[in-house]
$ cat start-v1.txt   # compact mmCIF, C-alpha atoms
# COMPACT_ATOMS: atom_id res chain seq x y z
CA MET S 4 0.00 0.00 0.00
CA LEU S 5 1.14 3.54 -0.72
CA HIS S 6 2.03 5.73 2.22
CA VAL S 7 -0.51 8.53 2.34
CA PRO S 8 0.73 11.79 3.86
CA PRO S 9 -1.39 13.15 6.70
CA GLN S 10 -3.40 15.89 5.01
CA SER S 11 -6.69 17.18 6.32
CA SER S 12 -8.93 15.11 4.03
CA THR S 13 -6.89 12.01 4.84
CA VAL S 14 -7.15 12.67 8.57
CA SER S 15 -10.93 12.89 8.50
CA ALA S 16 -11.15 9.81 6.28
CA ARG S 17 -9.01 7.91 8.76
CA ASN S 18 -11.15 9.15 11.64
CA ALA S 19 -13.15 5.93 11.43
CA ASN S 20 -10.14 3.76 12.21
CA ALA S 21 -9.99 0.86 14.62
CA VAL S 22 -8.46 2.67 17.60
CA VAL S 23 -11.08 5.42 17.43
CA GLN S 24 -13.86 2.84 17.29
CA ALA S 25 -12.45 1.05 20.35
CA ILE S 26 -12.81 4.14 22.59
CA GLY S 27 -15.69 4.30 25.06
CA HIS S 28 -18.59 1.92 25.82
CA THR S 29 -16.62 0.58 28.79
CA PRO S 30 -18.18 -1.93 31.21
CA LEU S 31 -19.81 -0.75 34.45
CA LEU S 32 -19.20 -3.42 37.06
CA ARG S 33 -20.94 -3.89 40.41
CA LEU S 34 -18.35 -4.51 43.13
CA ARG S 35 -20.31 -6.75 45.52
CA GLN S 36 -17.26 -8.00 47.39
CA LEU S 37 -15.92 -4.49 47.92
CA GLU S 38 -19.40 -3.45 49.14
CA ARG S 39 -19.08 -6.12 51.84
CA HIS S 40 -15.46 -5.16 52.54
CA PHE S 41 -16.55 -1.54 53.11
CA GLY S 42 -19.52 -2.66 55.27
CA PHE S 43 -22.27 -1.43 52.95
CA ALA S 44 -25.88 -2.53 53.48
CA ASP S 45 -27.46 -4.60 50.67
CA THR S 46 -29.42 -1.51 49.63
CA VAL S 47 -26.22 0.44 48.87
CA GLU S 48 -24.66 -0.55 45.54
CA LEU S 49 -21.14 0.32 44.38
CA HIS S 50 -20.38 0.28 40.65
CA LEU S 51 -17.08 0.99 38.91
CA LYS S 52 -16.75 2.42 35.39
CA THR S 53 -13.76 0.47 34.07
CA GLU S 54 -12.07 3.07 31.91
CA TRP S 55 -8.80 1.12 31.66
CA VAL S 56 -10.57 -0.98 29.01
CA ASN S 57 -10.07 1.89 26.55
CA PRO S 58 -7.31 1.18 23.98
CA GLY S 59 -4.93 3.74 25.53
CA GLY S 60 -5.68 2.35 28.99
CA SER S 61 -7.53 5.29 30.55
CA ILE S 62 -10.54 7.59 30.50
CA LYS S 63 -8.34 10.16 28.77
CA ASP S 64 -8.86 8.42 25.42
CA ARG S 65 -12.33 9.99 25.39
CA THR S 66 -10.93 13.45 26.21
CA ALA S 67 -8.18 13.31 23.61
CA LEU S 68 -10.51 12.03 20.87
CA SER S 69 -13.05 14.77 21.57
CA ILE S 70 -10.37 17.49 21.58
CA ILE S 71 -8.79 16.22 18.33
CA ARG S 72 -12.16 15.89 16.56
CA ALA S 73 -13.11 19.45 17.56
CA ALA S 74 -9.74 20.79 16.38
CA LEU S 75 -9.99 18.95 13.04
CA ALA S 76 -13.53 20.26 12.52
CA ALA S 77 -12.34 23.81 13.27
CA GLY S 78 -9.33 23.43 10.94
CA ASP S 79 -6.88 23.95 13.82
CA LEU S 80 -5.27 20.56 13.11
CA GLY S 81 -4.67 18.54 9.96
CA HIS S 82 -2.68 21.17 8.06
CA GLY S 83 0.72 20.24 9.44
CA GLN S 84 0.23 21.70 12.93
CA THR S 85 1.70 19.77 15.83
CA LEU S 86 -0.67 19.01 18.68
CA ILE S 87 0.99 20.11 21.94
CA ASP S 88 -0.17 19.83 25.56
CA ALA S 89 1.00 19.49 29.14
CA THR S 90 0.12 16.13 30.60
CA SER S 91 1.02 14.16 33.69
CA GLY S 92 0.56 10.96 31.74
CA ASN S 93 -2.69 9.43 30.56
CA THR S 94 -3.80 12.27 28.28
CA GLY S 95 -0.34 12.22 26.76
CA ILE S 96 -0.64 8.51 26.06
CA ALA S 97 -4.06 9.10 24.48
CA TYR S 98 -2.79 11.97 22.29
CA ALA S 99 0.25 9.91 21.27
CA MET S 100 -1.93 6.89 20.39
CA LEU S 101 -4.43 8.95 18.39
CA GLY S 102 -1.65 10.98 16.78
CA ALA S 103 -0.16 7.72 15.50
CA ALA S 104 -3.54 6.40 14.35
CA LEU S 105 -4.62 9.62 12.62
CA GLY S 106 -1.27 10.84 11.28
CA ILE S 107 -1.07 13.92 13.52
CA PRO S 108 2.32 15.01 14.93
CA VAL S 109 2.25 15.23 18.74
CA THR S 110 4.55 17.01 21.23
CA LEU S 111 4.01 16.41 24.95
CA VAL S 112 5.43 18.36 27.87
CA VAL S 113 5.78 16.02 30.82
CA PRO S 114 7.22 16.69 34.29
CA GLY S 115 10.75 15.28 34.39
CA SER S 116 9.67 13.07 37.30
CA ALA S 117 7.66 10.83 34.95
CA SER S 118 8.63 7.17 35.19
CA GLU S 119 10.77 5.33 32.67
CA GLU S 120 7.76 3.22 31.59
CA ARG S 121 5.79 6.39 30.94
CA LYS S 122 8.56 7.89 28.84
CA ARG S 123 8.94 4.67 26.84
CA THR S 124 5.18 4.35 26.31
CA LEU S 125 5.00 7.83 24.78
CA ALA S 126 8.07 7.12 22.63
CA ALA S 127 6.54 3.81 21.46
CA TYR S 128 3.72 5.75 19.79
CA GLY S 129 6.24 8.10 18.15
CA ALA S 130 5.41 11.25 20.12
CA ASN S 131 7.99 13.98 20.75
CA VAL S 132 8.44 14.37 24.53
CA VAL S 133 9.78 17.49 26.29
CA PHE S 134 10.51 17.39 30.03
CA SER S 135 9.68 20.19 32.46
CA ASP S 136 11.16 20.85 35.92
CA PRO S 137 10.44 17.78 38.08
CA TYR S 138 10.14 19.98 41.19
CA GLU S 139 7.33 22.06 39.65
CA GLY S 140 4.97 19.16 38.81
CA SER S 141 2.10 19.50 36.33
CA ASP S 142 1.82 23.27 36.77
CA GLY S 143 5.45 23.57 35.64
CA ALA S 144 4.56 21.57 32.50
CA ILE S 145 1.65 23.91 31.78
CA ARG S 146 3.90 26.96 32.10
CA LEU S 147 6.49 25.45 29.72
CA VAL S 148 3.86 24.63 27.06
CA ARG S 149 2.52 28.18 27.22
CA GLN S 150 6.03 29.49 26.66
CA MET S 151 6.71 27.12 23.72
CA VAL S 152 3.42 28.05 22.04
CA ALA S 153 4.07 31.77 22.58
CA ASP S 154 7.51 31.37 20.96
CA THR S 155 6.25 29.67 17.75
CA PRO S 156 2.43 29.92 17.65
CA ALA S 157 2.06 28.87 13.98
CA GLN S 158 3.76 25.54 14.58
CA PHE S 159 1.39 24.30 17.26
CA TYR S 160 -2.20 23.50 18.06
CA TYR S 161 -2.33 23.91 21.86
CA ALA S 162 -4.90 21.32 22.93
CA ASP S 163 -5.06 22.78 26.47
CA GLN S 164 -7.10 20.04 28.14
CA TYR S 165 -7.52 22.19 31.28
CA ASN S 166 -9.39 24.92 29.38
CA ASN S 167 -10.80 23.14 26.30
CA PRO S 168 -14.61 22.79 26.26
CA ALA S 169 -14.21 19.66 24.08
CA ASN S 170 -12.86 17.97 27.24
CA ILE S 171 -16.25 18.46 28.94
CA ALA S 172 -18.11 17.58 25.74
CA ALA S 173 -16.44 14.14 25.67
CA HIS S 174 -18.23 13.25 28.89
CA VAL S 175 -21.52 15.01 28.11
CA THR S 176 -21.82 12.92 24.94
CA THR S 177 -20.31 9.58 25.99
CA THR S 178 -19.49 8.92 29.68
CA GLY S 179 -22.65 10.59 31.02
CA PRO S 180 -25.19 8.69 28.85
CA GLU S 181 -23.24 5.46 29.43
CA VAL S 182 -23.38 5.55 33.25
CA TRP S 183 -27.02 6.68 33.21
CA GLY S 184 -28.03 3.88 30.81
CA GLN S 185 -25.87 1.22 32.50
CA THR S 186 -27.57 1.88 35.86
CA ASP S 187 -31.03 1.89 34.18
CA GLY S 188 -31.46 5.41 35.50
CA ARG S 189 -30.98 4.34 39.13
CA LEU S 190 -27.71 6.26 39.66
CA THR S 191 -27.85 8.38 42.83
CA HIS S 192 -24.18 9.31 43.48
CA PHE S 193 -21.47 9.95 40.90
CA VAL S 194 -17.90 10.07 42.24
CA ALA S 195 -15.07 11.42 40.06
CA ALA S 196 -11.54 12.53 40.86
CA LEU S 197 -10.60 16.06 39.83
CA GLY S 198 -7.63 16.59 37.54
CA THR S 199 -8.75 18.70 34.60
CA THR S 200 -12.23 18.27 36.19
CA GLY S 201 -13.58 17.32 32.72
CA THR S 202 -15.20 14.04 33.82
CA LEU S 203 -17.20 15.56 36.68
CA MET S 204 -18.12 18.65 34.66
CA GLY S 205 -19.26 16.64 31.61
CA VAL S 206 -21.05 13.77 33.34
CA GLY S 207 -22.49 16.25 35.85
CA ARG S 208 -23.87 18.46 33.12
CA TYR S 209 -25.45 15.44 31.39
CA LEU S 210 -27.03 14.16 34.60
CA ARG S 211 -28.34 17.61 35.62
CA GLU S 212 -30.11 17.76 32.27
CA HIS S 213 -31.33 14.17 31.83
CA ALA S 214 -31.75 12.53 35.25
CA ASP S 215 -35.33 12.39 36.51
CA HIS S 216 -34.18 12.62 40.13
CA PRO S 217 -31.39 14.57 41.87
CA VAL S 218 -28.01 12.86 41.50
CA GLN S 219 -25.27 13.80 43.95
CA LEU S 220 -22.12 14.88 42.11
CA ILE S 221 -19.05 14.33 44.28
CA GLY S 222 -15.62 15.54 43.22
CA VAL S 223 -12.52 13.99 44.78
CA GLN S 224 -9.30 15.90 45.38
CA PRO S 225 -6.13 15.14 47.35
CA ALA S 226 -6.52 16.12 51.01
CA GLU S 227 -3.17 17.93 50.94
CA ALA S 228 -1.19 19.98 48.43
CA PHE S 229 1.75 17.55 48.58
CA HIS S 230 0.35 14.19 47.44
CA GLY S 231 0.99 11.14 45.29
CA ILE S 232 -2.35 10.62 43.56
CA GLU S 233 -1.41 10.69 39.89
CA GLY S 234 -3.24 13.22 37.75
CA LEU S 235 -5.23 14.84 40.55
CA LYS S 236 -5.18 18.50 41.55
CA HIS S 237 -5.45 20.01 45.01
CA LEU S 238 -7.67 22.89 43.86
CA PRO S 239 -6.93 25.34 46.71
CA THR S 240 -3.22 25.43 45.78
CA ALA S 241 -3.07 24.46 42.07
CA ILE S 242 -3.82 26.37 38.86
CA VAL S 243 -7.61 25.88 38.77
CA PRO S 244 -8.73 24.53 35.35
CA GLY S 245 -10.73 27.02 33.31
CA ILE S 246 -13.40 24.40 32.55
CA PHE S 247 -14.13 23.92 36.29
CA ASP S 248 -17.52 25.22 37.45
CA PRO S 249 -17.49 25.26 41.27
CA MET S 250 -21.31 25.48 41.34
CA LEU S 251 -21.86 22.10 39.64
CA PRO S 252 -20.62 19.56 42.25
CA ASN S 253 -22.69 18.99 45.39
CA ARG S 254 -19.41 18.75 47.24
CA ILE S 255 -15.70 18.00 46.95
CA ASP S 256 -14.18 15.39 49.25
CA GLY S 257 -10.51 15.25 50.22
CA VAL S 258 -8.71 11.89 50.25
CA THR S 259 -5.19 11.26 51.58
CA THR S 260 -2.69 9.49 49.35
CA GLU S 261 -2.51 6.62 51.85
CA ASP S 262 -6.30 6.13 51.81
CA ALA S 263 -6.31 6.20 48.00
CA PHE S 264 -3.51 3.62 47.86
CA ASP S 265 -5.27 1.42 50.43
CA ALA S 266 -8.54 1.47 48.46
CA ALA S 267 -6.73 0.57 45.21
CA ARG S 268 -5.04 -2.32 47.02
CA ALA S 269 -8.39 -3.45 48.43
CA LEU S 270 -9.84 -3.45 44.89
CA ALA S 271 -6.98 -5.65 43.71
CA ARG S 272 -7.16 -8.07 46.63
CA VAL S 273 -10.90 -8.25 47.16
CA GLU S 274 -12.24 -7.94 43.59
CA GLY S 275 -9.21 -8.87 41.50
CA PHE S 276 -9.03 -5.63 39.52
CA MET S 277 -5.78 -3.68 39.50
CA ALA S 278 -6.46 0.04 39.12
CA GLY S 279 -4.46 3.22 39.62
CA SER S 280 -4.30 5.62 42.57
CA SER S 281 -6.97 8.01 41.21
CA THR S 282 -9.41 5.09 41.05
CA GLY S 283 -8.33 4.34 44.61
CA ALA S 284 -9.15 7.93 45.59
CA ASN S 285 -12.63 7.59 44.07
CA LEU S 286 -13.22 4.30 45.88
CA ALA S 287 -11.98 5.73 49.20
CA ALA S 288 -14.48 8.59 48.84
CA ALA S 289 -17.21 6.16 47.71
CA ALA S 290 -16.52 3.98 50.78
CA ARG S 291 -17.21 6.90 53.12
CA ILE S 292 -20.34 7.88 51.18
CA GLY S 293 -21.67 4.30 51.20
CA GLN S 294 -20.90 3.85 54.89
CA ALA S 295 -22.77 7.06 55.77
CA LEU S 296 -25.76 5.97 53.63
CA THR S 297 -25.68 2.55 55.28
CA ALA S 298 -25.71 4.17 58.73
CA ALA S 299 -28.68 6.29 57.64
CA GLY S 300 -30.56 3.21 56.38
CA ALA S 301 -30.74 4.64 52.86
CA SER S 302 -30.74 3.02 49.40
CA ALA S 303 -28.24 4.21 46.82
CA THR S 304 -26.52 3.39 43.55
CA ILE S 305 -23.01 4.83 43.67
CA VAL S 306 -20.90 5.00 40.51
CA ALA S 307 -17.16 5.61 40.91
CA VAL S 308 -14.86 6.26 37.96
CA GLY S 309 -12.06 3.74 37.38
CA CYS S 310 -9.75 6.23 35.64
CA ASP S 311 -6.93 3.88 34.66
CA GLY S 312 -5.30 0.53 35.36
CA GLY S 313 -2.82 -0.32 38.09
CA SER S 314 -0.01 -1.82 36.05
CA ARG S 315 0.91 1.72 34.99
CA TYR S 316 2.15 2.36 38.56
CA LEU S 317 4.31 -0.64 39.30
CA THR S 318 7.32 1.53 40.11
CA THR S 319 5.43 3.81 42.53
CA GLY S 320 4.65 3.40 46.21
CA LEU S 321 1.13 2.26 45.24
CA TRP S 322 2.11 -1.39 45.10
CA GLU S 323 5.12 -1.22 47.44
CA ALA S 324 5.15 -4.13 49.90
CA ASP S 325 4.01 -3.24 53.42
CA MET Z 9 28.72 30.79 57.51
CA PRO Z 10 26.85 27.61 56.57
CA GLU Z 11 27.03 24.75 59.08
CA SER Z 12 29.81 22.28 58.36
CA ASP Z 13 27.36 19.42 57.67
CA ALA Z 14 24.97 21.54 55.60
CA VAL Z 15 23.18 19.98 52.62
CA ASN Z 16 21.15 21.60 49.84
CA VAL Z 17 17.48 20.60 49.83
CA LEU Z 18 15.42 20.99 46.65
CA VAL Z 19 11.82 21.71 47.66
CA PRO Z 20 8.93 20.90 45.26
CA THR Z 21 6.25 23.53 44.59
CA PRO Z 22 3.53 22.06 46.87
CA LEU Z 23 5.87 22.26 49.89
CA ARG Z 24 7.10 25.79 49.25
CA SER Z 25 4.22 27.19 51.31
CA PHE Z 26 6.27 25.98 54.29
CA THR Z 27 9.59 27.46 53.12
CA GLY Z 28 8.32 30.95 52.37
CA GLY Z 29 8.35 30.17 48.64
CA GLU Z 30 11.97 28.99 48.58
CA GLY Z 31 12.73 26.14 46.16
CA ARG Z 32 16.19 25.50 47.60
CA VAL Z 33 17.11 25.63 51.28
CA VAL Z 34 20.29 24.77 53.19
CA VAL Z 35 19.96 22.81 56.43
CA PRO Z 36 22.34 20.69 58.57
CA GLY Z 37 22.13 16.91 58.84
CA GLY Z 38 24.30 13.80 58.58
CA THR Z 39 21.40 11.56 57.50
CA VAL Z 40 18.13 12.03 55.61
CA ALA Z 41 16.24 11.73 58.93
CA GLU Z 42 18.38 14.47 60.50
CA VAL Z 43 17.75 16.73 57.52
CA PHE Z 44 14.01 16.12 57.89
CA ASP Z 45 14.29 16.96 61.62
CA ALA Z 46 16.14 20.17 60.76
CA LEU Z 47 13.50 21.05 58.14
CA GLU Z 48 10.72 20.49 60.69
CA ALA Z 49 12.54 22.64 63.27
CA ARG Z 50 12.89 25.48 60.82
CA TYR Z 51 9.58 25.02 58.93
CA PRO Z 52 7.06 23.53 61.39
CA GLY Z 53 4.54 21.19 59.71
CA ILE Z 54 6.75 20.14 56.80
CA GLY Z 55 7.98 17.01 58.62
CA GLU Z 56 4.63 15.21 58.72
CA ARG Z 57 4.27 15.78 54.97
CA LEU Z 58 7.43 13.72 54.46
CA ARG Z 59 7.24 10.97 57.09
CA ASP Z 60 4.48 8.84 58.57
CA ASP Z 61 3.86 8.33 62.30
CA SER Z 62 6.50 5.58 62.46
CA GLY Z 63 9.17 7.87 61.01
CA GLN Z 64 9.29 6.13 57.61
CA ILE Z 65 9.35 8.18 54.42
CA ARG Z 66 5.72 8.27 53.19
CA ARG Z 67 5.03 5.79 50.40
CA PHE Z 68 4.41 8.42 47.74
CA VAL Z 69 7.46 10.51 48.56
CA ASN Z 70 10.69 9.99 46.65
CA VAL Z 71 13.88 11.40 48.16
CA PHE Z 72 16.98 11.63 45.99
CA VAL Z 73 20.53 12.17 47.18
CA ASN Z 74 22.65 13.47 44.33
CA GLY Z 75 20.08 11.97 41.95
CA ARG Z 76 19.83 8.55 43.58
CA ASN Z 77 16.61 7.37 45.26
CA VAL Z 78 17.32 6.75 48.97
CA ARG Z 79 14.97 3.71 48.88
CA GLU Z 80 17.78 2.04 46.94
CA ILE Z 81 20.25 3.08 49.66
CA ASP Z 82 19.25 3.11 53.36
CA GLY Z 83 15.96 5.03 53.32
CA ALA Z 84 15.71 7.67 56.06
CA ALA Z 85 19.01 6.37 57.54
CA THR Z 86 20.93 7.16 54.35
CA THR Z 87 24.06 9.12 55.31
CA LEU Z 88 24.88 12.45 53.73
CA SER Z 89 28.05 14.41 53.12
CA PRO Z 90 28.35 18.19 53.40
CA GLY Z 91 27.28 19.83 50.14
CA ASP Z 92 25.10 16.90 49.04
CA GLU Z 93 21.95 17.72 47.11
CA LEU Z 94 18.76 16.21 48.57
CA GLY Z 95 15.71 16.35 46.26
CA ILE Z 96 12.13 15.74 47.38
CA ILE Z 97 9.56 14.76 44.73
CA PRO Z 98 6.06 13.31 45.04
CA ALA Z 99 6.27 9.90 43.35
CA MET Z 100 4.17 10.55 40.27
CA ALA Z 101 4.39 7.33 38.27
CA GLY Z 102 7.72 6.54 39.82
CA GLY Z 103 10.23 9.01 38.68
CA THR Z 104 13.73 10.32 38.88
CA PRO Z 105 14.96 13.89 38.56
CA ALA Z 106 15.52 14.79 34.91
$ encode --input "start-v1.txt" --output "structure tokens"
Amino acid sequence: MLHVPPQSSTVSARNANAVVQAIGHTPLLRLRQLERHFGFADTVELHLKTEWVNPGGSIKDRTALSIIRAALAAGDLGHGQTLIDATSGNTGIAYAMLGAALGIPVTLVVPGSASEERKRTLAAYGANVVFSDPYEGSDGAIRLVRQMVADTPAQFYYADQYNNPANIAAHVTTTGPEVWGQTDGRLTHFVAALGTTGTLMGVGRYLREHADHPVQLIGVQPAEAFHGIEGLKHLPTAIVPGIFDPMLPNRIDGVTTEDAFDAARALARVEGFMAGSSTGANLAAAARIGQALTAAGASATIVAVGCDGGSRYLTTGLWEAD
Amino acid sequence: MPESDAVNVLVPTPLRSFTGGEGRVVVPGGTVAEVFDALEARYPGIGERLRDDSGQIRRFVNVFVNGRNVREIDGAATTLSPGDELGIIPAMAGGTPA
């Protein structure tokens, strides 16, 4: 077959490729053994949206696809521009994967503290990776991208997942209807960790519009500024994402890194699913919610987001032996 | 005059609220634990961010001495030489200083 250069018409034609089709429609699984482990009553259900089933291994496949589709439709990509963004990991993997599949050049700015596996994963997809100051975390990566784009604006399409409305749209159009349909409209509590805040904003917006009863929207953030929950932001001290609407969530719960790690370990040992620390944070928050509802004698259907899989964190303290 | 056993500590952004915004501070200490004690004495509250109740370095915290993770050496008991560089980084997907 002839090699076809990535021009705009080619990119849209290739939009229907296999990787794109494999994104979304992830299973929602009821965690009956974890319900017992957390001491929930039979009337309190805990479900996990298993986003690691996506081809890039995380919920960020949805975000990246939505952002790229919007940019192609607007003509901001597909004419030789390089997609650039700051990413602590999963969004970068999703951009790199889709860039490879759709013939779009991708440059990622990643904190220098990223693991060797992470660096090799991005390189495997052919993305160009630039490292920012490891002591400045994800905010340092954002500042470096802004500087690179300001230096040569014509070269780049700045995807800007923290401020791009297509991030929210991904979850309004896919994740939201999926969790509502998969619970047969019984969903009462939706629990999502806050990084870009896109998941909670998008699913929240969908549920506010379509649910026939009030659904509690609970955001999860690290309890402290200095934490080890990958991809999450401590909103009081971080650059607050532009897409975040503080009026949408019913509340925001803080979870310590240790509690997030413990919940991820419980998921692995009690249910046999290995997930990452942000999933652990969601489950730790869901455990407290379910325990309070149990104490109150209430019925509930709690959905927690399983943001990514656990094998991505084998070199972190998440799976370190006790 | 800096103390004779002074080491340079690289402080990550989320801990700079304790150090008055400083990203690099100089404190005395012959081991990682002694440096943490000195940090706590000078910047009260920072110590519990770094160590758990049993005195171990918290699971998500990586401490590097001259670029090498102290978990691969002697943990909090790792000995230091004057002028060493001690870096503190939250362990985001593992990680080493660039």
$ closest_atom_pairs --input "start-v1.txt" --of "chain S" --to "chain Z" --cutoff "7 Å" --atoms "all atoms listed in the file" --output "tab-separated table"
residue	atom	partner	partner_atom	distance
S:Gly115	CA	Z:Ala106	CA	4.8
S:Ser116	CA	Z:Gly103	CA	4.3
S:Ala117	CA	Z:Gly103	CA	4.9
S:Ser118	CA	Z:Gly103	CA	4.3
S:Pro137	CA	Z:Pro105	CA	6.0
S:Tyr138	CA	Z:Pro20	CA	4.3
S:Glu139	CA	Z:Thr21	CA	5.3
S:Ala228	CA	Z:Pro22	CA	5.4
S:Phe229	CA	Z:Pro22	CA	5.1
S:His230	CA	Z:Pro98	CA	6.3
S:Gly231	CA	Z:Phe68	CA	5.0
S:Glu233	CA	Z:Met100	CA	5.6
S:Tyr316	CA	Z:Ala101	CA	5.5
S:Thr318	CA	Z:Gly102	CA	5.0
S:Thr319	CA	Z:Gly102	CA	4.5
S:Gly320	CA	Z:Arg67	CA	4.8
$ write_last_selection --input "start-v1.txt" --atoms "C-alpha atoms" --output "JSON list (two decimals), keeping the file's coordinate frame"
[["chain", "number", "residue", "atom", "x", "y", "z"],
["S", 115, "GLY", "CA", 10.75, 15.28, 34.39],
["S", 116, "SER", "CA", 9.67, 13.07, 37.30],
["S", 117, "ALA", "CA", 7.66, 10.83, 34.95],
["S", 118, "SER", "CA", 8.63, 7.17, 35.19],
["S", 137, "PRO", "CA", 10.44, 17.78, 38.08],
["S", 138, "TYR", "CA", 10.14, 19.98, 41.19],
["S", 139, "GLU", "CA", 7.33, 22.06, 39.65],
["S", 228, "ALA", "CA", -1.19, 19.98, 48.43],
["S", 229, "PHE", "CA", 1.75, 17.55, 48.58],
["S", 230, "HIS", "CA", 0.35, 14.19, 47.44],
["S", 231, "GLY", "CA", 0.99, 11.14, 45.29],
["S", 233, "GLU", "CA", -1.41, 10.69, 39.89],
["S", 316, "TYR", "CA", 2.15, 2.36, 38.56],
["S", 318, "THR", "CA", 7.32, 1.53, 40.11],
["S", 319, "THR", "CA", 5.43, 3.81, 42.53],
["S", 320, "GLY", "CA", 4.65, 3.40, 46.21]]
$ atom_distance --input "start-v1.txt" --atom1 "atom CA of Leu51 of chain S" --atom2 "atom CA of Phe247 of chain S"
23.3 Å
$ atom_distance --input "start-v1.txt" --atom1 "atom CA of Ser89 of chain Z" --atom2 "atom CA of Ser12 of chain Z"
9.6 Å
$ atom_distance --input "start-v1.txt" --atom1 "atom CA of Phe134 of chain S" --atom2 "atom CA of Ile242 of chain S"
19.1 Å
$ closest_residue --input "start-v1.txt" --among "Z:Gly91, Z:Glu80, Z:Phe26, Z:Phe72" --to "Val40 of chain Z" --atoms "all atoms listed in the file"
Z:Phe72
$ residues_around --input "start-v1.txt" --residues "segment 308-312 of chain S" --least-positions-apart "6" --cutoff "7 Å" --atoms "only C-alpha atoms" --output "ChimeraX atom specification"
/S:51-55,60-62,194-195,277-279,281-282,285
$ residues_around --input "start-v1.txt" --residues "Pro36 of chain Z" --least-positions-apart "4" --cutoff "7 Å" --atoms "all atoms listed in the file" --output "list in words"
Glu11, Asp13, Ala14, Val15, Val43 and Ala46 of chain Z
$ residues_around --input "start-v1.txt" --residues "Thr46 of chain S" --least-positions-apart "3" --cutoff "8 Å" --atoms "all atoms listed in the file" --output "mmCIF file with C-alpha atoms, keeping the file's coordinate frame"
data_model
loop_
_atom_site.group_PDB
_atom_site.id
_atom_site.type_symbol
_atom_site.label_atom_id
_atom_site.label_comp_id
_atom_site.auth_asym_id
_atom_site.auth_seq_id
_atom_site.Cartn_x
_atom_site.Cartn_y
_atom_site.Cartn_z
ATOM 1 C CA PHE S 43 -22.270 -1.430 52.950
ATOM 2 C CA THR S 297 -25.680 2.550 55.280
ATOM 3 C CA ALA S 301 -30.740 4.640 52.860
ATOM 4 C CA SER S 302 -30.740 3.020 49.400
ATOM 5 C CA ALA S 303 -28.240 4.210 46.820
#
$ residues_around --input "start-v1.txt" --residues "Val17 of chain Z" --least-positions-apart "4" --cutoff "6 Å" --atoms "only C-alpha atoms" --output "PyMOL selection string"
chain Z and resi 32-33+93-95
$ residues_around --input "start-v1.txt" --residues "Pro156 of chain S" --least-positions-apart "5" --cutoff "12 Å" --atoms "only C-alpha atoms" --output "PyMOL selection string"
chain S and resi 79+84-87+148-151+161
$ decode --input "start-v1.txt" --residues "segment 74-105 of chain S" --atoms "C-alpha atoms" --output "PDB file, in the first residue's frame"
ATOM      1  CA  ALA S  74      -9.741  20.793  16.384  1.00  0.00           C
ATOM      2  CA  LEU S  75      -9.992  18.950  13.035  1.00  0.00           C
ATOM      3  CA  ALA S  76     -13.528  20.257  12.520  1.00  0.00           C
ATOM      4  CA  ALA S  77     -12.343  23.815  13.268  1.00  0.00           C
ATOM      5  CA  GLY S  78      -9.333  23.433  10.936  1.00  0.00           C
ATOM      6  CA  ASP S  79      -6.882  23.955  13.823  1.00  0.00           C
ATOM      7  CA  LEU S  80      -5.271  20.562  13.114  1.00  0.00           C
ATOM      8  CA  GLY S  81      -4.674  18.543   9.959  1.00  0.00           C
ATOM      9  CA  HIS S  82      -2.679  21.167   8.061  1.00  0.00           C
ATOM     10  CA  GLY S  83       0.724  20.237   9.436  1.00  0.00           C
ATOM     11  CA  GLN S  84       0.234  21.695  12.928  1.00  0.00           C
ATOM     12  CA  THR S  85       1.696  19.773  15.834  1.00  0.00           C
ATOM     13  CA  LEU S  86      -0.675  19.011  18.684  1.00  0.00           C
ATOM     14  CA  ILE S  87       0.991  20.108  21.945  1.00  0.00           C
ATOM     15  CA  ASP S  88      -0.169  19.835  25.558  1.00  0.00           C
ATOM     16  CA  ALA S  89       0.998  19.492  29.142  1.00  0.00           C
ATOM     17  CA  THR S  90       0.124  16.132  30.600  1.00  0.00           C
ATOM     18  CA  SER S  91       1.017  14.162  33.691  1.00  0.00           C
ATOM     19  CA  GLY S  92       0.558  10.958  31.739  1.00  0.00           C
ATOM     20  CA  ASN S  93      -2.694   9.434  30.564  1.00  0.00           C
ATOM     21  CA  THR S  94      -3.803  12.270  28.283  1.00  0.00           C
ATOM     22  CA  GLY S  95      -0.340  12.219  26.758  1.00  0.00           C
ATOM     23  CA  ILE S  96      -0.638   8.512  26.057  1.00  0.00           C
ATOM     24  CA  ALA S  97      -4.057   9.103  24.477  1.00  0.00           C
ATOM     25  CA  TYR S  98      -2.789  11.967  22.291  1.00  0.00           C
ATOM     26  CA  ALA S  99       0.246   9.913  21.265  1.00  0.00           C
ATOM     27  CA  MET S 100      -1.931   6.893  20.394  1.00  0.00           C
ATOM     28  CA  LEU S 101      -4.434   8.947  18.390  1.00  0.00           C
ATOM     29  CA  GLY S 102      -1.652  10.979  16.779  1.00  0.00           C
ATOM     30  CA  ALA S 103      -0.159   7.723  15.505  1.00  0.00           C
ATOM     31  CA  ALA S 104      -3.538   6.399  14.347  1.00  0.00           C
ATOM     32  CA  LEU S 105      -4.617   9.619  12.619  1.00  0.00           C
TER      33      LEU S 105
END
